[in-house]
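Participant: My structure file input12.txt, compact mmCIF, C-alpha atoms (C1' of nucleotides), is below:
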```
# COMPACT_ATOMS: atom_id res chain seq x y z
CA MET A 651 118.04 104.74 51.36
CA THR A 652 114.59 104.12 52.74
CA ARG A 653 114.13 102.76 56.20
CA LYS A 654 112.80 99.51 54.82
CA GLU A 655 115.89 99.13 52.65
CA ARG A 656 118.09 99.85 55.62
CA TYR A 657 116.40 97.09 57.59
CA GLN A 658 116.76 94.66 54.71
CA GLN A 659 120.46 95.36 54.34
CA VAL A 660 121.20 95.11 58.04
CA LEU A 661 119.18 91.93 58.56
CA SER A 662 120.63 90.37 55.47
CA TYR A 663 124.16 91.10 56.64
CA PHE A 664 123.51 89.63 60.07
CA GLN A 665 121.85 86.57 58.61
CA GLN A 666 124.88 85.80 56.48
CA ASN A 667 127.68 86.81 58.82
CA MET A 668 126.65 86.70 62.45
CA PRO A 669 127.61 83.50 64.21
CA VAL A 670 125.12 82.60 66.89
CA ALA A 671 127.16 80.77 69.48
CA GLU A 672 126.85 82.32 72.89
CA THR A 673 126.40 80.86 76.30
CA GLU A 674 122.73 80.76 77.07
CA LEU A 675 120.73 80.72 80.25
CA MET A 676 119.99 77.22 81.49
CA TYR A 677 116.38 76.35 82.27
CA ASP A 678 113.95 73.45 82.10
CA ASN A 679 110.63 75.28 82.35
CA PRO A 680 109.10 78.78 82.26
CA TYR A 681 109.55 79.26 86.00
CA GLN A 682 113.27 78.55 85.74
CA LEU A 683 113.70 80.86 82.75
CA LEU A 684 111.89 83.62 84.62
CA VAL A 685 114.24 83.26 87.59
CA SER A 686 117.27 83.19 85.30
CA VAL A 687 116.30 86.28 83.35
CA ILE A 688 115.57 88.24 86.53
CA LEU A 689 119.03 87.32 87.77
CA SER A 690 120.74 88.20 84.50
CA ALA A 691 120.63 91.98 84.80
CA GLN A 692 124.14 93.43 84.62
CA CYS A 693 125.56 89.95 84.81
CA THR A 694 126.83 87.41 82.32
CA ASP A 695 124.69 84.39 81.51
CA LYS A 696 127.64 82.24 82.41
CA ARG A 697 127.65 83.54 85.95
CA VAL A 698 123.90 83.23 86.26
CA ASN A 699 124.21 79.59 85.25
CA LEU A 700 126.63 79.05 88.11
CA THR A 701 124.04 80.13 90.64
CA THR A 702 120.79 78.74 89.31
CA PRO A 703 121.33 74.98 89.84
CA ALA A 704 121.43 75.49 93.61
CA ILE A 705 118.41 77.76 93.48
CA PHE A 706 116.37 75.37 91.35
CA ASN A 707 117.40 72.45 93.50
CA GLN A 708 116.37 74.16 96.71
CA TYR A 709 113.32 75.94 95.29
CA PRO A 710 112.03 73.78 92.44
CA THR A 711 108.60 75.44 92.38
CA PRO A 712 107.18 78.95 92.77
CA GLN A 713 105.37 77.68 95.88
CA LEU A 714 108.64 76.77 97.57
CA LEU A 715 110.44 79.94 96.46
CA ALA A 716 107.55 82.00 97.78
CA GLN A 717 108.18 80.61 101.24
CA ALA A 718 111.92 81.31 101.18
CA SER A 719 113.28 83.80 103.68
CA PHE A 720 115.61 86.56 102.59
CA GLU A 721 118.33 85.15 104.82
CA GLU A 722 118.31 81.71 103.24
CA LEU A 723 118.02 82.83 99.62
CA PHE A 724 120.50 85.70 99.72
CA PRO A 725 123.63 83.51 100.00
CA LEU A 726 122.69 81.78 96.74
CA ILE A 727 122.40 85.14 94.97
CA LYS A 728 125.27 86.92 96.61
CA SER A 729 127.87 86.39 93.89
CA ILE A 730 125.97 88.25 91.18
CA SER A 731 125.12 91.90 90.74
CA TYR A 732 122.50 93.52 92.90
CA PRO A 733 121.97 90.53 95.22
CA ASN A 734 119.79 92.49 97.63
CA ASN A 735 117.35 93.60 94.97
CA LYS A 736 117.33 90.28 93.21
CA THR A 737 116.68 88.31 96.38
CA LYS A 738 113.71 90.50 97.21
CA HIS A 739 112.47 90.39 93.63
CA LEU A 740 112.61 86.61 93.40
CA ILE A 741 110.67 86.09 96.63
CA GLY A 742 108.14 88.75 95.68
CA MET A 743 107.83 87.37 92.19
CA ALA A 744 107.19 83.85 93.47
CA ASN A 745 104.55 85.12 95.89
CA MET A 746 102.69 86.88 93.11
CA LEU A 747 102.90 83.80 90.91
CA VAL A 748 101.26 81.78 93.68
CA ASN A 749 98.73 84.35 94.83
CA THR A 750 97.73 86.00 91.58
CA PHE A 751 98.62 83.63 88.77
CA ASN A 752 97.71 80.26 90.26
CA GLY A 753 101.34 79.21 90.48
CA GLN A 754 101.80 79.44 86.72
CA VAL A 755 104.02 81.83 84.79
CA PRO A 756 101.66 84.10 82.83
CA MET A 757 102.46 84.38 79.15
CA THR A 758 101.44 87.93 78.29
CA VAL A 759 103.68 90.97 78.62
CA ASP A 760 101.02 92.92 80.52
CA GLU A 761 100.73 90.21 83.15
CA LEU A 762 104.45 89.51 83.41
CA VAL A 763 105.41 93.13 84.08
CA GLN A 764 103.23 93.08 87.19
CA LEU A 765 105.69 90.67 88.77
CA PRO A 766 108.37 92.16 91.02
CA GLY A 767 111.71 92.28 89.22
CA VAL A 768 110.10 91.85 85.82
CA GLY A 769 110.21 94.82 83.48
CA ARG A 770 109.29 95.05 79.85
CA LYS A 771 112.60 93.69 78.63
CA THR A 772 112.30 90.55 80.75
CA ALA A 773 108.65 90.09 79.83
CA ASN A 774 109.52 90.24 76.16
CA VAL A 775 112.28 87.67 76.60
CA ILE A 776 109.94 85.23 78.38
CA THR A 777 107.10 85.53 75.88
CA SER A 778 109.36 85.30 72.86
CA VAL A 779 111.44 82.37 74.11
CA ILE A 780 108.70 80.28 75.73
CA ASP A 781 105.73 81.15 73.55
CA ALA A 782 107.39 82.25 70.31
CA GLN A 783 105.64 85.61 70.42
CA PRO A 784 107.28 88.13 68.05
CA ASN A 785 108.26 90.48 70.88
CA MET A 786 111.49 92.46 70.80
CA ALA A 787 113.30 92.71 74.11
CA VAL A 788 115.05 96.08 74.02
CA ASP A 789 118.02 96.10 76.32
CA THR A 790 120.88 98.57 76.38
CA HIS A 791 122.56 97.00 73.33
CA VAL A 792 119.49 96.76 71.17
CA PHE A 793 118.53 100.31 72.03
CA ARG A 794 121.95 101.76 71.22
CA VAL A 795 122.72 99.69 68.13
CA ALA A 796 119.31 100.16 66.57
CA ALA A 797 119.58 103.90 67.02
CA ARG A 798 123.05 104.09 65.52
CA LEU A 799 122.18 101.96 62.53
CA GLY A 800 119.14 104.10 61.89
CA LEU A 801 116.72 101.25 62.52
CA THR A 802 115.00 103.51 65.01
CA ILE A 803 114.38 107.21 64.53
CA LYS A 804 114.12 109.55 67.49
CA ALA A 805 113.26 106.71 69.84
CA THR A 806 113.90 108.15 73.29
CA THR A 807 112.60 105.16 75.23
CA PRO A 808 113.04 101.39 74.90
CA LEU A 809 109.30 101.07 74.32
CA ALA A 810 109.41 103.47 71.39
CA ALA A 811 112.37 101.58 69.94
CA GLU A 812 110.55 98.30 70.41
CA LYS A 813 107.51 99.51 68.48
CA GLN A 814 109.61 100.68 65.54
CA LEU A 815 111.66 97.49 65.38
CA ILE A 816 108.58 95.29 65.52
CA GLN A 817 107.03 97.30 62.72
CA TYR A 818 109.86 96.62 60.28
CA ILE A 819 111.34 93.25 61.23
CA PRO A 820 109.58 90.15 59.87
CA LYS A 821 107.91 88.31 62.74
CA GLU A 822 109.90 85.15 62.23
CA LEU A 823 113.17 87.10 62.50
CA VAL A 824 112.38 89.19 65.58
CA HIS A 825 113.83 86.74 68.04
CA ILE A 826 117.07 86.11 66.20
CA ALA A 827 117.39 89.80 65.30
CA HIS A 828 117.37 90.52 69.01
CA HIS A 829 120.46 88.32 69.40
CA TRP A 830 122.13 89.79 66.35
CA LEU A 831 121.80 93.33 67.65
CA ILE A 832 123.13 92.31 71.05
CA LEU A 833 126.15 90.52 69.61
CA HIS A 834 126.92 93.40 67.27
CA GLY A 835 126.66 95.73 70.24
CA ARG A 836 128.88 93.62 72.42
CA TYR A 837 131.71 93.02 70.00
CA THR A 838 131.66 95.88 67.51
CA CYS A 839 129.18 98.63 68.22
CA LEU A 840 130.47 99.29 71.74
CA ALA A 841 128.85 101.94 73.87
CA ARG A 842 131.94 104.11 74.47
CA ASN A 843 134.33 103.43 71.62
CA PRO A 844 132.54 101.68 68.79
CA LYS A 845 134.85 99.88 66.37
CA CYS A 846 133.57 101.65 63.30
CA ASP A 847 136.83 101.17 61.38
CA SER A 848 136.40 97.41 61.41
CA CYS A 849 132.63 97.41 61.07
CA ALA A 850 131.12 95.95 57.91
CA LEU A 851 127.95 97.97 58.32
CA GLN A 852 129.60 101.37 57.72
CA THR A 853 127.87 102.06 54.44
CA MET A 854 124.41 101.56 55.89
CA CYS A 855 125.05 103.02 59.34
CA ALA A 856 123.55 106.40 60.17
CA TYR A 857 125.94 106.90 63.09
CA PHE A 858 129.04 106.20 60.99
CA GLN A 859 127.92 108.52 58.21
CA LYS A 860 127.40 111.25 60.75
CA GLN A 861 130.86 110.72 62.22
CA GLN A 862 132.38 110.92 58.76
CA LYS A 863 130.88 114.34 58.25
CA LYS A 864 132.36 115.58 61.52
CA GLN A 865 135.77 113.97 61.04
CA PRO A 866 136.22 113.25 57.32
CA LYS A 867 139.61 111.57 57.79
CA ALA A 868 139.08 109.69 61.03
C1' DA B 1468 138.75 101.38 83.77
C1' DT B 1469 134.84 99.18 81.46
C1' DC B 1470 131.62 96.02 80.64
C1' DC B 1471 128.13 92.31 81.65
C1' DC B 1472 120.92 90.54 77.40
C1' DG B 1473 117.65 96.07 83.92
C1' DA B 1474 114.18 97.35 87.37
C1' DG B 1475 112.28 100.28 90.76
C1' DG B 1476 111.89 104.43 93.10
C1' DG B 1477 112.10 109.46 93.79
C1' DC C 443 113.96 112.15 83.79
C1' DC C 444 117.42 110.97 87.04
C1' DC C 445 119.41 107.97 90.55
C1' DT C 446 120.60 103.71 92.97
C1' DC C 447 121.62 98.92 93.39
C1' DT C 448 126.56 96.67 93.27
C1' DG C 449 129.73 91.47 92.07
C1' DG C 450 132.74 89.49 88.88
C1' DA C 451 135.53 89.15 84.62
C1' DT C 452 138.74 91.28 81.63
```
What is this file in C-alpha cells?

Facilitator:
Amino acid sequence: MTRKERYQQVLSYFQQNMPVAETELMYDNPYQLLVSVILSAQCTDKRVNLTTPAIFNQYPTPQLLAQASFEELFPLIKSISYPNNKTKHLIGMANMLVNTFNGQVPMTVDELVQLPGVGRKTANVITSVIDAQPNMAVDTHVFRVAARLGLTIKATTPLAAEKQLIQYIPKELVHIAHHWLILHGRYTCLARNPKCDSCALQTMCAYFQKQQKKQPKA
DNA sequence: ATCCCGAGGG
DNA sequence: CCCTCTGGAT
C-alpha cells in the first residue's frame, strides 16, 4: 500500500465513521481563543470553559490583561493545570500583543510563536480556526496516532510530522483531520494500551501489523 | 493509576 | 534531548 493510499483509506474511514461532537473551547474573538488555547494544555476544554468567563469578564481586552498583576489573575487560573506558568504566560502574552502587535492577535504562525505561552501547536490552532489556514496542529495525539497509522514516517519531532501530514492531506480536510486524529487517539489509539482489538483501522495500520508479527495470536 | 487538543528552559 | 510545571476527572 502506498502512502497516498494509506491516507485515502484512513481519511475515508474517519469521514464516514467519526462523530464530531466534542465540547469545544468557548470564545467570541481571536483574543479569547488565544487565551483559551493557552489555558488548554494538559486540561480538558470543559474545565477551561469554566474559568474563561471570569477572565474575559475581568480582562475583556489585551490592554486590560496586560495590566493585570500576577496576584489578581492567578486565582482565576488556579483550578487548571500549571496555573503558575499559565498566569505568567497570559500576562506576558497580552503585553506583547499590546507592545509589538498593536493590540491585535497576529495571524501568522511565525508571529504567534513569539508570544509567551504560544508554541507551534497553539499557533496552528489559532490560524486554522480563525483564518482557515490549512495548518495542522500536532499535539501528543496527532503525533502518536499519525506515526502508528503510518501517516508519518520517521518523524521524530512534531514539526516533521506536521510537514508530512500537510503534504498528503487535502487542504480542506486538514482542520477536520486534526480532530479525527485526536478523537481516535483519545478513545481507541491510546498512548499506553491502544485498543487494537476493537479498532477498525487494523488492516491499514502500520503499528498493528507490526504487533501482529511480534505476537501472531494476540 | 492514567489521562486531559503543551511550552519553556537547561 | 531531557526535564519541569502540576489540578482535576475518571

Participant: At a cut-off of 9 Å, using all atoms listed in the file, what residues contact Lys738 (chain A)? Leave out same-chain residues fewer than 4 positions from it and give the result as a ChimeraX atom specification.

Facilitator: /A:720,724,733-734,742-743,766-767

Participant: Taking (126.0, 103.0, 55.9) in the file's coordinates, which residues come within 12 Å, counting all atoms listed in the file, written as a short mmCIF file (atom, residue, chain, number, x, y, z; two decimals) with C-alpha atoms, in the coordinates of the input?

Facilitator:
```
data_model
loop_
_atom_site.label_atom_id
_atom_site.label_comp_id
_atom_site.auth_asym_id
_atom_site.auth_seq_id
_atom_site.Cartn_x
_atom_site.Cartn_y
_atom_site.Cartn_z
CA MET A 651 118.04 104.74 51.36
CA THR A 652 114.59 104.12 52.74
CA ARG A 653 114.13 102.76 56.20
CA GLU A 655 115.89 99.13 52.65
CA ARG A 656 118.09 99.85 55.62
CA TYR A 657 116.40 97.09 57.59
CA GLN A 659 120.46 95.36 54.34
CA VAL A 660 121.20 95.11 58.04
CA ARG A 798 123.05 104.09 65.52
CA LEU A 799 122.18 101.96 62.53
CA GLY A 800 119.14 104.10 61.89
CA LEU A 801 116.72 101.25 62.52
CA CYS A 846 133.57 101.65 63.30
CA CYS A 849 132.63 97.41 61.07
CA ALA A 850 131.12 95.95 57.91
CA LEU A 851 127.95 97.97 58.32
CA GLN A 852 129.60 101.37 57.72
CA THR A 853 127.87 102.06 54.44
CA MET A 854 124.41 101.56 55.89
CA CYS A 855 125.05 103.02 59.34
CA ALA A 856 123.55 106.40 60.17
CA TYR A 857 125.94 106.90 63.09
CA PHE A 858 129.04 106.20 60.99
CA GLN A 859 127.92 108.52 58.21
CA LYS A 860 127.40 111.25 60.75
CA GLN A 861 130.86 110.72 62.22
CA GLN A 862 132.38 110.92 58.76
#
```

Participant: Within 8 Å of chain C, which residues of chain A are there when counting only C-alpha atoms (C1' of nucleotides)? Please give them as a list in words.

Facilitator: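 Close enough to count are Lys728, Ser729, Ile730, Ser731, Tyr732, Pro733, Asn734 and Asn735 of chain A.
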
Participant: Taking into account only C-alpha atoms (C1' of nucleotides), which residue in the set A:Asn843, A:Asn745, A:Asn752, A:Thr802 is nearest to chain B?

Facilitator: A:Asn843

Participant: Select all residues from chain B having any atom no more than 9 Å from an atom of chain A (counting all atoms listed in the file, ignoring ligands), output as a list in words.

Facilitator: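 Result: DC1470, DC1471, DC1472, DG1473, DA1474 and DG1475 of chain B.
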
Participant: Considering all atoms listed in the file, return as a ChimeraX atom specification whatever protein or nucleic-acid residues lie within 7 Å of region 803-820 of chain A, sequence-local ones (same chain, fewer than 3 positions apart) excluded.

Facilitator: /A:654,786,788,793,797,800,823-824

Participant: Just give me the gap between CA of Glu822 (chain A) and CA of Leu762 (chain A) in Å, one decimal is fine.

Facilitator: 22.3 Å

Participant: What does the distance from CA of Leu831 (chain A) to CA of Asn667 (chain A) come to in Å, to one decimal?

Facilitator: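 Answer for the CA of Leu831 (chain A) to CA of Asn667 (chain A) separation: 12.5 Å.
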
Participant: Rounded to one decimal place, report the CA of Lys821 (chain A)-CA of Pro669 (chain A) distance in Å.

Facilitator: 20.3 Å
